[in-house]
$ cat target.cif   # mmCIF, C-alpha atoms and all ligand atoms
data_start
loop_
_atom_site.label_atom_id
_atom_site.label_comp_id
_atom_site.auth_asym_id
_atom_site.auth_seq_id
_atom_site.Cartn_x
_atom_site.Cartn_y
_atom_site.Cartn_z
CA MET A 257 -17.33 10.38 -17.67
CA ASN A 258 -18.23 6.76 -17.11
CA GLU A 259 -21.35 6.31 -14.92
CA LEU A 260 -20.82 4.16 -11.84
CA PHE A 261 -24.52 3.81 -10.96
CA SER A 262 -27.65 5.89 -10.68
CA MET A 263 -30.15 6.43 -7.87
CA ASP A 264 -33.76 7.35 -8.53
CA ARG A 265 -36.03 7.53 -5.49
CA LYS A 266 -39.18 8.08 -7.55
CA ASP A 267 -40.62 10.05 -4.64
CA TYR A 268 -41.42 13.16 -6.70
CA ASN A 269 -44.13 14.54 -8.93
CA PRO A 270 -42.85 13.53 -12.40
CA ASP A 271 -44.30 16.67 -13.95
CA GLY A 272 -42.61 19.01 -11.45
CA PRO A 273 -39.90 21.47 -12.39
CA VAL A 274 -36.37 20.06 -12.39
CA PHE A 275 -33.60 21.69 -10.44
CA ARG A 276 -30.12 20.56 -11.43
CA ARG A 277 -26.96 20.96 -9.38
CA PRO A 278 -23.94 19.00 -10.56
CA SER A 279 -21.14 18.47 -8.04
CA ALA A 280 -17.56 17.21 -7.88
CA ARG A 281 -15.84 15.08 -5.24
CA GLY A 282 -12.24 14.05 -4.63
CA ILE A 283 -10.88 10.62 -3.75
CA ILE A 284 -7.66 11.69 -2.12
CA GLU A 285 -5.17 9.15 -0.86
CA LYS A 286 -1.92 9.80 0.93
CA ASP A 287 0.31 7.31 2.76
CA GLY A 288 -2.42 4.69 2.55
CA LYS A 289 -5.11 6.95 4.06
CA PHE A 290 -8.11 8.68 2.49
CA LEU A 291 -9.13 12.26 3.14
CA VAL A 292 -12.82 12.25 4.10
CA MET A 293 -15.40 14.47 5.76
CA HIS A 294 -16.93 13.05 8.94
CA SER A 295 -20.27 14.31 10.26
CA ARG A 296 -19.82 13.91 13.98
CA LYS A 297 -23.46 14.79 14.53
CA TYR A 298 -24.91 12.02 12.34
CA GLY A 299 -21.98 9.59 12.22
CA TYR A 300 -21.55 9.32 8.45
CA TYR A 301 -18.68 10.01 6.03
CA LYS A 302 -18.36 11.51 2.57
CA PHE A 303 -15.64 12.43 0.13
CA PRO A 304 -14.81 16.15 0.18
CA GLY A 305 -16.40 18.18 -2.60
CA GLY A 306 -19.55 20.08 -3.47
CA GLY A 307 -21.72 21.79 -6.03
CA LEU A 308 -20.51 23.63 -9.09
CA GLU A 309 -20.99 27.38 -9.07
CA ALA A 310 -22.26 29.20 -12.14
CA GLY A 311 -19.77 28.90 -14.97
CA GLU A 312 -17.45 26.69 -12.95
CA SER A 313 -15.94 23.48 -14.37
CA PRO A 314 -16.15 20.27 -12.28
CA THR A 315 -12.40 20.26 -11.65
CA ASP A 316 -12.37 23.92 -10.57
CA ALA A 317 -15.23 23.16 -8.18
CA LEU A 318 -13.28 20.16 -6.91
CA ILE A 319 -10.21 22.25 -6.13
CA ARG A 320 -12.25 25.04 -4.47
CA GLU A 321 -14.48 22.73 -2.42
CA VAL A 322 -11.63 20.52 -1.17
CA ALA A 323 -9.78 23.63 0.03
CA GLU A 324 -12.89 25.06 1.71
CA GLU A 325 -13.83 21.81 3.44
CA THR A 326 -10.49 20.29 4.33
CA GLY A 327 -7.95 23.09 4.02
CA TYR A 328 -5.83 20.97 1.60
CA ILE A 329 -4.81 22.13 -1.86
CA VAL A 330 -5.51 19.74 -4.75
CA ILE A 331 -2.60 19.40 -7.18
CA PRO A 332 -4.27 20.13 -10.57
CA GLU A 333 -1.95 17.79 -12.56
CA SER A 334 -2.92 14.87 -10.29
CA ILE A 335 -6.64 15.00 -11.13
CA GLU A 336 -7.89 11.83 -12.83
CA GLU A 337 -11.49 10.95 -13.71
CA TYR A 338 -13.02 8.04 -11.80
CA GLY A 339 -16.75 7.99 -12.60
CA SER A 340 -20.08 9.69 -12.02
CA VAL A 341 -23.23 8.97 -10.06
CA PHE A 342 -26.64 10.28 -11.11
CA ARG A 343 -29.22 10.99 -8.41
CA ARG A 344 -32.86 12.04 -8.82
CA GLU A 345 -35.27 12.69 -5.95
CA ARG A 346 -37.83 15.11 -4.59
CA ASP A 347 -36.36 18.57 -4.15
CA THR A 348 -36.19 19.27 -0.42
CA ASP A 349 -36.30 23.02 -1.07
CA ASN A 350 -39.33 22.74 -3.38
CA PRO A 351 -41.57 19.74 -2.57
CA ASP A 352 -43.31 19.99 -5.97
CA GLY A 353 -40.03 19.89 -7.83
CA ILE A 354 -37.39 17.33 -8.77
CA PHE A 355 -33.76 17.50 -7.71
CA GLU A 356 -31.28 16.08 -10.19
CA GLN A 357 -27.60 15.78 -9.55
CA VAL A 358 -24.62 14.33 -11.35
CA ASN A 359 -21.69 13.80 -9.02
CA TYR A 360 -18.31 13.67 -10.69
CA TYR A 361 -15.68 11.69 -8.77
CA TYR A 362 -11.97 12.27 -9.30
CA PHE A 363 -8.83 10.66 -7.99
CA CYS A 364 -6.42 13.41 -6.99
CA LYS A 365 -3.53 14.31 -4.71
CA VAL A 366 -3.10 17.18 -2.31
CA SER A 367 0.04 19.12 -1.40
CA ASP A 368 1.48 19.08 2.11
CA GLU A 369 0.62 22.65 3.02
CA SER A 370 -2.89 23.55 4.06
CA VAL A 371 -5.00 26.69 4.24
CA GLU A 372 -7.69 27.67 6.70
CA ARG A 373 -11.00 25.82 6.31
CA THR A 374 -14.10 27.83 5.48
CA PRO A 375 -17.01 25.52 6.24
CA GLU A 376 -20.55 26.28 5.10
CA ASP A 377 -23.44 26.63 7.56
CA TYR A 378 -24.76 23.08 7.07
CA GLU A 379 -21.24 21.73 7.59
CA ILE A 380 -21.06 23.51 10.93
CA GLU A 381 -24.55 22.31 11.81
CA GLU A 382 -23.65 18.66 11.04
CA ASP A 383 -20.33 19.10 12.86
CA PHE A 384 -18.14 18.09 9.90
CA VAL A 385 -14.42 17.49 10.37
CA ALA A 386 -11.82 16.45 7.81
CA GLU A 387 -10.09 13.15 8.70
CA TRP A 388 -7.54 10.77 7.21
CA ALA A 389 -9.02 7.26 7.30
CA PRO A 390 -7.19 4.02 6.45
CA PHE A 391 -10.15 1.82 5.45
CA LEU A 392 -12.99 3.00 3.23
CA THR A 393 -14.91 -0.22 3.84
CA ILE A 394 -15.19 0.70 7.53
CA LEU A 395 -16.56 4.14 6.62
CA ALA A 396 -19.06 2.58 4.21
CA HIS A 397 -20.16 0.33 7.04
CA GLU A 398 -20.63 3.35 9.32
CA ASN A 399 -22.78 5.02 6.66
CA ARG A 400 -24.90 1.88 6.40
CA ARG A 401 -25.38 1.87 10.17
CA ASN A 402 -26.27 5.56 10.31
CA LEU A 403 -28.39 5.76 7.17
CA ASN A 404 -31.47 7.00 9.01
CA ARG A 405 -29.94 8.98 11.82
CA GLY A 406 -30.09 12.35 10.11
CA GLY A 407 -28.45 14.20 7.27
CA GLU A 408 -29.46 13.63 3.67
CA ARG A 409 -30.12 9.97 3.13
CA GLY A 410 -29.45 10.10 -0.61
CA ILE A 411 -25.97 11.51 -0.02
CA ILE A 412 -25.13 9.07 2.76
CA GLU A 413 -26.23 6.12 0.64
CA ARG A 414 -24.42 7.34 -2.48
CA GLU A 415 -21.16 7.85 -0.60
CA MET A 416 -21.52 4.43 1.01
CA ARG A 417 -21.79 2.77 -2.38
CA VAL A 418 -18.92 4.74 -3.91
CA MET A 419 -16.69 3.96 -0.91
CA ASP A 420 -17.33 0.26 -1.31
CA MET A 421 -16.39 0.49 -4.99
CA VAL A 422 -13.35 2.70 -4.52
CA ASP A 423 -11.84 0.48 -1.85
CA GLU A 424 -11.11 -2.22 -4.39
CA VAL A 425 -10.13 0.11 -7.22
CA ALA A 426 -7.76 2.02 -4.93
CA ARG A 427 -6.09 -1.19 -3.82
CA GLU A 428 -5.45 -2.20 -7.43
CA ARG A 429 -4.09 1.25 -8.23
CA ARG A 430 -1.81 1.07 -5.21
CA PHE A 431 -0.29 -2.24 -6.32
CA ALA A 432 0.26 -0.85 -9.81
CA ALA A 433 1.93 2.23 -8.33
CA ASP A 434 4.13 0.02 -6.18
CA GLU A 435 6.65 -0.65 -8.92
CA GLU A 436 6.92 3.07 -9.63
CA ALA A 437 7.46 3.65 -5.92
CA ALA A 438 10.26 1.09 -5.95
CA ILE A 439 11.89 2.91 -8.85
CA ARG A 440 11.60 6.25 -7.04
CA ALA A 441 13.09 4.72 -3.91
CA LEU A 442 16.09 3.70 -5.92
CA GLY A 443 17.04 7.16 -7.13
CA ASP A 444 18.17 8.61 -10.44
CA ALA A 445 19.97 5.87 -12.37
CA ASP A 446 18.17 3.63 -14.86
CA TYR A 447 16.52 1.54 -12.19
CA ALA A 448 13.37 1.00 -14.21
CA GLY A 449 15.47 -0.96 -16.67
CA MET A 450 17.19 -2.91 -13.89
CA LEU A 451 13.91 -3.80 -12.18
CA ALA A 452 12.33 -4.86 -15.46
CA TYR A 453 15.36 -7.04 -16.22
CA VAL A 454 15.29 -8.73 -12.82
CA LYS A 455 11.52 -9.16 -13.08
CA SER A 456 11.82 -10.86 -16.46
CA ILE A 457 14.28 -13.36 -15.01
CA LEU A 458 12.48 -14.04 -11.74
CA GLU A 459 8.97 -14.24 -13.09
CA THR A 460 9.62 -16.57 -15.95
CA ALA A 461 11.69 -19.13 -14.11
CA GLN A 462 10.93 -21.70 -11.46
CA THR A 463 12.86 -20.77 -8.33
CA GLU A 464 14.27 -23.18 -5.80
CA GLY A 465 12.74 -24.19 -2.50
CA GLU A 466 14.07 -22.40 0.53
CA GLY A 467 13.24 -21.07 3.93
CA GLY A 468 13.94 -21.62 7.56
CA VAL A 469 12.87 -24.56 9.68
CA GLY A 470 9.49 -25.84 8.55
CA VAL A 471 8.98 -23.05 6.04
CA HIS A 472 8.97 -23.71 2.31
CA LYS A 473 7.91 -20.71 0.30
CA THR A 474 7.53 -22.72 -2.89
CA GLU A 475 4.52 -24.44 -1.32
CA PHE A 476 2.44 -21.41 -2.28
CA GLY A 477 2.71 -18.59 -4.80
CA TYR A 478 5.67 -16.80 -3.26
CA SER A 479 6.85 -14.19 -5.74
CA ARG A 480 10.57 -13.58 -5.75
CA PHE A 481 10.06 -10.31 -7.58
CA GLU A 482 7.58 -9.00 -5.02
CA HIS A 483 10.11 -9.95 -2.35
CA THR A 484 12.76 -7.99 -4.24
CA LYS A 485 10.57 -4.88 -4.33
CA ARG A 486 9.83 -5.19 -0.63
CA VAL A 487 13.53 -5.55 0.18
CA VAL A 488 14.17 -2.36 -1.83
CA GLY A 489 11.60 -0.71 0.47
CA TRP A 490 13.37 -2.01 3.57
CA ALA A 491 16.81 -0.96 2.32
CA LYS A 492 15.50 2.54 1.75
CA ARG A 493 13.84 2.64 5.17
CA LEU A 494 17.03 1.47 6.85
CA TYR A 495 19.17 3.93 4.89
CA ASP A 496 16.85 6.87 5.63
CA SER A 497 16.72 6.13 9.34
CA THR A 498 20.48 5.68 9.75
CA PRO A 499 22.03 8.97 10.98
CA ASP A 500 25.69 8.09 10.34
CA LYS A 501 26.07 7.30 6.65
CA THR A 502 29.85 6.80 6.65
CA GLY A 503 30.79 4.06 4.19
CA LEU A 504 27.26 3.77 2.83
CA ARG A 505 26.80 4.14 -0.93
CA TYR A 506 23.10 4.53 -1.61
CA GLU A 507 23.19 3.80 -5.35
CA ASP A 508 25.37 0.74 -4.99
CA LEU A 509 23.27 -0.56 -2.13
CA MET A 510 20.07 -0.11 -4.13
CA ILE A 511 21.43 -1.79 -7.25
CA ALA A 512 22.70 -4.72 -5.19
CA THR A 513 19.27 -4.96 -3.55
CA VAL A 514 17.50 -5.09 -6.90
CA PHE A 515 19.82 -7.87 -8.09
CA HIS A 516 20.32 -9.73 -4.81
CA ASP A 517 18.12 -12.73 -5.66
CA VAL A 518 18.44 -12.65 -9.45
CA GLY A 519 20.43 -15.91 -9.34
CA ARG A 520 17.46 -17.89 -8.01
CA ALA A 521 16.34 -19.04 -11.43
CA GLU A 522 19.80 -20.15 -12.52
CA SER A 523 20.62 -22.03 -9.32
CA ALA A 524 17.22 -23.76 -9.39
CA LYS A 525 17.82 -24.89 -12.96
CA THR A 526 21.36 -26.18 -12.61
CA GLY A 527 21.53 -26.91 -8.88
CA LEU A 528 25.26 -26.32 -9.16
CA MET A 529 25.67 -23.33 -6.92
CA SER A 530 23.89 -21.11 -4.44
CA HIS A 531 21.55 -18.44 -5.74
CA ALA A 532 23.83 -15.74 -4.34
CA ALA A 533 26.84 -17.06 -6.27
CA ALA A 534 24.71 -17.52 -9.39
CA GLY A 535 23.66 -13.88 -9.15
CA VAL A 536 27.23 -12.53 -9.37
CA PRO A 537 27.90 -12.99 -13.11
CA ILE A 538 24.35 -11.93 -14.04
CA THR A 539 24.67 -8.70 -12.07
CA ARG A 540 28.22 -8.01 -13.23
CA GLU A 541 27.42 -8.51 -16.88
CA TYR A 542 24.33 -6.28 -16.73
CA LEU A 543 26.32 -3.48 -15.12
CA LEU A 544 29.24 -3.74 -17.56
CA VAL A 545 26.91 -3.71 -20.55
CA HIS A 546 25.26 -0.61 -19.08
CA GLY A 547 28.45 1.36 -18.77
CA PHE A 548 29.47 0.79 -15.16
CA SER A 549 33.21 0.59 -14.46
CA ALA A 550 34.65 -2.88 -13.87
CA GLU A 551 35.55 -1.84 -10.34
CA ARG A 552 32.02 -0.82 -9.49
CA ALA A 553 30.48 -3.83 -11.21
CA ASP A 554 32.79 -6.03 -9.13
CA TYR A 555 31.85 -4.30 -5.92
CA ILE A 556 28.07 -4.43 -6.47
CA SER A 557 28.04 -8.00 -7.74
CA GLY A 558 30.24 -8.86 -4.74
CA LEU A 559 27.46 -7.65 -2.44
CA VAL A 560 25.03 -9.93 -4.29
CA GLY A 561 27.43 -12.85 -3.96
CA ALA A 562 27.85 -12.41 -0.20
CA HIS A 563 24.29 -11.58 0.81
CA SER A 564 23.39 -15.13 1.89
CA ASP A 565 26.27 -15.48 4.33
CA LYS A 566 24.28 -14.12 7.21
CA TRP A 567 27.01 -15.07 9.71
CA LEU A 568 29.01 -12.14 8.25
CA MET A 569 26.56 -9.85 10.04
CA ARG A 570 28.32 -10.68 13.31
CA ASP A 571 31.68 -9.59 11.91
CA PRO A 572 32.32 -6.05 13.21
CA SER A 573 34.36 -5.19 10.10
CA VAL A 574 31.62 -6.20 7.67
CA ASP A 575 30.95 -3.78 4.79
CA ARG A 576 28.12 -1.49 5.80
CA ASN A 577 26.31 -1.76 2.46
CA LEU A 578 26.39 -5.54 2.70
CA LEU A 579 25.10 -5.41 6.26
CA MET A 580 22.24 -3.13 5.26
CA LEU A 581 21.29 -5.40 2.35
CA MET A 582 21.28 -8.43 4.64
CA GLU A 583 19.18 -6.70 7.29
CA ALA A 584 16.68 -5.51 4.66
CA ASP A 585 16.47 -9.03 3.23
CA LEU A 586 15.76 -10.57 6.65
CA LEU A 587 13.26 -7.94 7.72
CA ASP A 588 11.02 -8.70 4.76
CA ASP A 589 9.62 -12.10 5.66
CA MET A 590 9.10 -11.38 9.33
CA GLY A 591 6.35 -9.88 11.44
CA LEU A 592 2.74 -9.94 10.33
CA LEU A 593 3.84 -10.73 6.79
CA GLY A 594 5.43 -13.87 8.25
CA ILE A 595 2.14 -14.79 9.91
CA VAL A 596 0.28 -14.47 6.63
CA MET A 597 3.00 -16.37 4.78
CA ASP A 598 2.82 -19.24 7.24
CA THR A 599 -0.96 -19.28 6.96
CA LEU A 600 -0.58 -19.75 3.21
CA ILE A 601 1.90 -22.55 3.82
CA VAL A 602 -0.42 -24.33 6.27
CA ARG A 603 -3.24 -24.09 3.76
CA ALA A 604 -1.05 -25.39 0.94
CA ARG A 605 -0.12 -28.43 3.01
CA LYS A 606 -3.59 -29.25 4.22
CA GLU A 607 -6.67 -28.36 2.25
CA ASN A 608 -9.04 -28.37 5.21
CA ALA A 609 -6.64 -26.60 7.57
CA THR A 610 -8.25 -25.05 10.65
CA PHE A 611 -7.35 -22.14 12.92
CA TYR A 612 -5.76 -24.69 15.27
CA ASP A 613 -3.48 -25.91 12.50
CA CYS A 614 -2.40 -22.32 11.94
CA TYR A 615 -1.87 -21.74 15.62
CA ASN A 616 0.24 -24.89 15.90
CA HIS A 617 2.38 -23.82 12.98
CA PHE A 618 2.81 -20.26 14.30
CA SER A 619 3.80 -21.60 17.73
CA ARG A 620 6.34 -23.97 16.29
CA TYR A 621 7.92 -21.78 13.59
CA THR A 622 6.76 -18.22 13.12
CA TYR A 623 6.87 -17.25 16.76
CA PRO A 624 10.25 -18.72 17.77
CA MET A 625 11.90 -17.51 14.55
CA GLN A 626 10.68 -14.02 15.20
CA HIS A 627 12.30 -14.10 18.62
CA GLU A 628 15.84 -14.63 17.39
CA ASN A 629 16.62 -11.05 16.47
CA PRO A 630 19.50 -11.27 13.97
CA MET A 631 19.69 -7.51 13.42
CA VAL A 632 22.97 -5.75 14.18
CA THR A 633 22.39 -2.03 13.65
CA PRO A 634 20.23 -0.07 16.10
CA GLU A 635 17.89 0.87 13.22
CA GLY A 636 17.53 -2.75 12.12
CA ARG A 637 16.95 -3.85 15.71
CA ALA A 638 14.24 -1.23 16.18
CA PHE A 639 12.35 -2.35 13.06
CA TRP A 640 12.67 -5.98 14.11
CA GLU A 641 11.40 -5.23 17.61
CA GLU A 642 8.42 -3.38 16.16
CA LYS A 643 7.59 -6.50 14.15
CA THR A 644 8.15 -8.77 17.15
CA ALA A 645 5.79 -6.69 19.26
CA ALA A 646 3.06 -7.01 16.63
CA VAL A 647 3.53 -10.79 16.43
CA ASP A 648 3.56 -11.12 20.23
CA ARG A 649 0.30 -9.24 20.50
CA PHE A 650 -1.20 -11.20 17.61
CA MET A 651 -0.25 -14.52 19.21
CA GLU A 652 -1.65 -13.46 22.57
CA LEU A 653 -5.03 -12.44 21.17
CA PHE A 654 -5.19 -15.24 18.61
CA LYS A 655 -4.59 -17.81 21.33
CA ARG A 656 -7.40 -16.34 23.39
CA ASP A 657 -9.66 -16.36 20.34
CA ILE A 658 -9.27 -20.06 19.65
CA THR A 659 -8.86 -21.62 23.10
CA MET A 660 -10.81 -21.79 26.32
CA GLY A 661 -7.72 -20.71 28.28
FE FE A 701 18.74 -14.32 -1.18
FE FE A 702 16.15 -12.12 -0.66
#
$ encode --input "target.cif" --output "structure tokens"
Amino acid sequence: MNELFSMDRKDYNPDGPVFRRPSARGIIEKDGKFLVMHSRKYGYYKFPGGGLEAGESPTDALIREVAEETGYIVIPESIEEYGSVFRRERDTDNPDGIFEQVNYYYFCKVSDESVERTPEDYEIEEDFVAEWAPFLTILAHENRRNLNRGGERGIIEREMRVMDMVDEVARERRFAADEEAAIRALGDADYAGMLAYVKSILETAQTEGEGGVGVHKTEFGYSRFEHTKRVVGWAKRLYDSTPDKTGLRYEDLMIATVFHDVGRAESAKTGLMSHAAAGVPITREYLLVHGFSAERADYISGLVGAHSDKWLMRDPSVDRNLLMLMEADLLDDMGLLGIVMDTLIVRARKENATFYDCYNHFSRYTYPMQHENPMVTPEGRAFWEEKTAAVDRFMELFKRDITMG
């Protein structure tokens, strides 16, 4: 296993006997949160895991220790090597001796069910609890603050350094997994092929300028493909939260969502028609070539062709799949994502932009746009209101941050 770093305290008699105790730890992420052990007595955090027993492999120790400490069951097939840390210091149990430890770190997943925890004595003494934490950098910071409060300093420092490293690695892994998540959200058909096709079109071509009042996404690196994946996420969220599914066709909705902006490149190049209209023949041809019936290809490409006509949302007889696509599309750029997007736009327009410039832009565009809720369905309205509430609170606190008022 690849060594991440090593720690040698050189506080021991170099001729002393060496005691070795390798151990294994799990980096377990679920729904954007990490499973960690928190010592409430000393205020530090560590990844669950522990020492190998005689004859035990690192991965067997990992599975056993995670169950004992957290009550969660590691899925063996999910175990992936991350890296190791070597630690050498004076043996606390034998002051003349040397303690040497290799810690093996693994990425892994746990199943939903849990068993009863069986903590060891020192874990009870340090008041350890298992917690799901969203930000490893915050935990690393806590370890740094509590380095000398109690507990084993070497462990606290090692975990702090690994947490700082994992935070970035985990983020990269999450973005890579994002495309797979989009494919899973879609269902069983050959969506991987569809996504790859749409990606190849959107990522190679210059897309046209667009946006609401004062907002031009081409002023910064707005990725049409990333938008497409996010809209797939919103369509799935809307579909899942809608109790009455009459008239909804999940597969057709998802395919239309994947293709909805595929015409951007073509319309930017020719300038002859809207991106929605330009997307119709592209979508239709792809579906026909891939064995869809003409009727279905017409229906799905029809959704693509109509998705820009947002006034149709007010029509009570509007097709429910079209309505859901339009709501998903609109939900994407709003809320805190909208705030970040507008920050990027402000920065693109003015190199030395200040917080005041951002605040002015938010007040003029982001904030008022957020307050016109165009959603029609109760589910869409609820998501929009959640986003509005976040923006309201952000604006309130941001204003206080930057003004004397
Ligand atoms: Fe669009
Ligand atoms: Fe879109």
$ residues_near_ligand --input "target.cif" --ligand "ligand FE 701 (chain A)" --cutoff "9 Å" --atoms "all atoms listed in the file" --output "list in words"
His516, Asp517, Val518, Gly519, Arg520, His531, Ala532, Val560, His563, Ser564, Met582 and Asp585 of chain A
$ atom_distance --input "target.cif" --atom1 "CA of Thr659 in chain A" --atom2 "CA of Lys606 in chain A"
21.0 Å
$ atom_distance --input "target.cif" --atom1 "CA of Pro278 in chain A" --atom2 "CA of Pro351 in chain A"
19.4 Å
$ closest_residue --input "target.cif" --among "A:Val488, A:Arg505, A:Pro499, A:Leu291" --to "ligand FE 702 (chain A)" --atoms "all atoms listed in the file"
A:Val488
$ atom_distance --input "target.cif" --atom1 "CA of Ala533 in chain A" --atom2 "CA of Arg637 in chain A"
27.5 Å
$ residues_around --input "target.cif" --residues "Phe384 in chain A" --least-positions-apart "4" --cutoff "6 Å" --atoms "all atoms listed in the file" --output "MDAnalysis selection string"
chainID A and resid 294:295 379
$ residues_around --input "target.cif" --residues "range 638-641 of chain A" --least-positions-apart "2" --cutoff "10 Å" --atoms "all atoms listed in the file" --output "PDB file with C-alpha atoms, in the coordinates of the input"
ATOM      1  CA  TRP A 490      13.370  -2.010   3.570  1.00  0.00           C
ATOM      2  CA  ARG A 493      13.840   2.640   5.170  1.00  0.00           C
ATOM      3  CA  LEU A 494      17.030   1.470   6.850  1.00  0.00           C
ATOM      4  CA  GLU A 583      19.180  -6.700   7.290  1.00  0.00           C
ATOM      5  CA  ALA A 584      16.680  -5.510   4.660  1.00  0.00           C
ATOM      6  CA  LEU A 586      15.760 -10.570   6.650  1.00  0.00           C
ATOM      7  CA  LEU A 587      13.260  -7.940   7.720  1.00  0.00           C
ATOM      8  CA  ASP A 588      11.020  -8.700   4.760  1.00  0.00           C
ATOM      9  CA  MET A 590       9.100 -11.380   9.330  1.00  0.00           C
ATOM     10  CA  GLY A 591       6.350  -9.880  11.440  1.00  0.00           C
ATOM     11  CA  GLN A 626      10.680 -14.020  15.200  1.00  0.00           C
ATOM     12  CA  HIS A 627      12.300 -14.100  18.620  1.00  0.00           C
ATOM     13  CA  GLU A 628      15.840 -14.630  17.390  1.00  0.00           C
ATOM     14  CA  ASN A 629      16.620 -11.050  16.470  1.00  0.00           C
ATOM     15  CA  PRO A 630      19.500 -11.270  13.970  1.00  0.00           C
ATOM     16  CA  MET A 631      19.690  -7.510  13.420  1.00  0.00           C
ATOM     17  CA  THR A 633      22.390  -2.030  13.650  1.00  0.00           C
ATOM     18  CA  PRO A 634      20.230  -0.070  16.100  1.00  0.00           C
ATOM     19  CA  GLU A 635      17.890   0.870  13.220  1.00  0.00           C
ATOM     20  CA  GLY A 636      17.530  -2.750  12.120  1.00  0.00           C
ATOM     21  CA  LYS A 643       7.590  -6.500  14.150  1.00  0.00           C
ATOM     22  CA  THR A 644       8.150  -8.770  17.150  1.00  0.00           C
ATOM     23  CA  ALA A 645       5.790  -6.690  19.260  1.00  0.00           C
ATOM     24  CA  ALA A 646       3.060  -7.010  16.630  1.00  0.00           C
ATOM     25  CA  VAL A 647       3.530 -10.790  16.430  1.00  0.00           C
TER      26      VAL A 647
END
$ closest_residue --input "target.cif" --among "A:Ser479, A:Gly547, A:Glu507, A:Pro572" --to "ligand FE 702 (chain A)" --atoms "only C-alpha atoms and all ligand atoms"
A:Ser479
$ axis_aligned_box --input "target.cif" --around "range 324-340 of chain A" --padding-each-side "4 Å" --output "JSON"
{"center_x": -11.0, "center_y": 16.5, "center_z": -4.7, "size_x": 26.1, "size_y": 25.1, "size_z": 26.0}
$ residues_around --input "target.cif" --residues "range 261-269 of chain A" --least-positions-apart "5" --cutoff "6 Å" --atoms "all atoms listed in the file" --output "list in words"
Val341, Phe342, Arg343, Arg344, Glu345 and Arg346 of chain A
$ closest_residue --input "target.cif" --among "A:Phe611, A:Phe481, A:Tyr542, A:Phe548" --to "ligand FE 702 (chain A)" --atoms "all atoms listed in the file"
A:Phe481
$ closest_residue --input "target.cif" --among "A:His483, A:Arg620, A:Lys655, A:His546" --to "ligand FE 702 (chain A)" --atoms "only C-alpha atoms and all ligand atoms"
A:His483
$ closest_residue --input "target.cif" --among "A:Met257, A:Ala386, A:Ile380, A:Val274" --to "Phe303 in chain A" --atoms "all atoms listed in the file"
A:Ala386
$ closest_residue --input "target.cif" --among "A:Ile335, A:Pro270, A:Leu504, A:Arg276" --to "Ala310 in chain A" --atoms "only C-alpha atoms"
A:Arg276
$ residues_around --input "target.cif" --residues "Tyr623 in chain A" --least-positions-apart "5" --cutoff "9 Å" --atoms "only C-alpha atoms" --output "VMD selection string"
chain A and resid 595 617 to 618 644 647 to 648 651
$ residues_around --input "target.cif" --residues "Trp388 in chain A" --least-positions-apart "2" --cutoff "12 Å" --atoms "only C-alpha atoms" --output "ChimeraX atom specification"
/A:283-294,301-304,326,328,385-386,390-392,395
$ write_last_selection --input "target.cif" --atoms "C-alpha atoms" --output "compact mmCIF listing (two decimals), in the coordinates of the input"
# COMPACT_ATOMS: atom_id res chain seq x y z
CA ILE A 283 -10.88 10.62 -3.75
CA ILE A 284 -7.66 11.69 -2.12
CA GLU A 285 -5.17 9.15 -0.86
CA LYS A 286 -1.92 9.80 0.93
CA ASP A 287 0.31 7.31 2.76
CA GLY A 288 -2.42 4.69 2.55
CA LYS A 289 -5.11 6.95 4.06
CA PHE A 290 -8.11 8.68 2.49
CA LEU A 291 -9.13 12.26 3.14
CA VAL A 292 -12.82 12.25 4.10
CA MET A 293 -15.40 14.47 5.76
CA HIS A 294 -16.93 13.05 8.94
CA TYR A 301 -18.68 10.01 6.03
CA LYS A 302 -18.36 11.51 2.57
CA PHE A 303 -15.64 12.43 0.13
CA PRO A 304 -14.81 16.15 0.18
CA THR A 326 -10.49 20.29 4.33
CA TYR A 328 -5.83 20.97 1.60
CA VAL A 385 -14.42 17.49 10.37
CA ALA A 386 -11.82 16.45 7.81
CA PRO A 390 -7.19 4.02 6.45
CA PHE A 391 -10.15 1.82 5.45
CA LEU A 392 -12.99 3.00 3.23
CA LEU A 395 -16.56 4.14 6.62
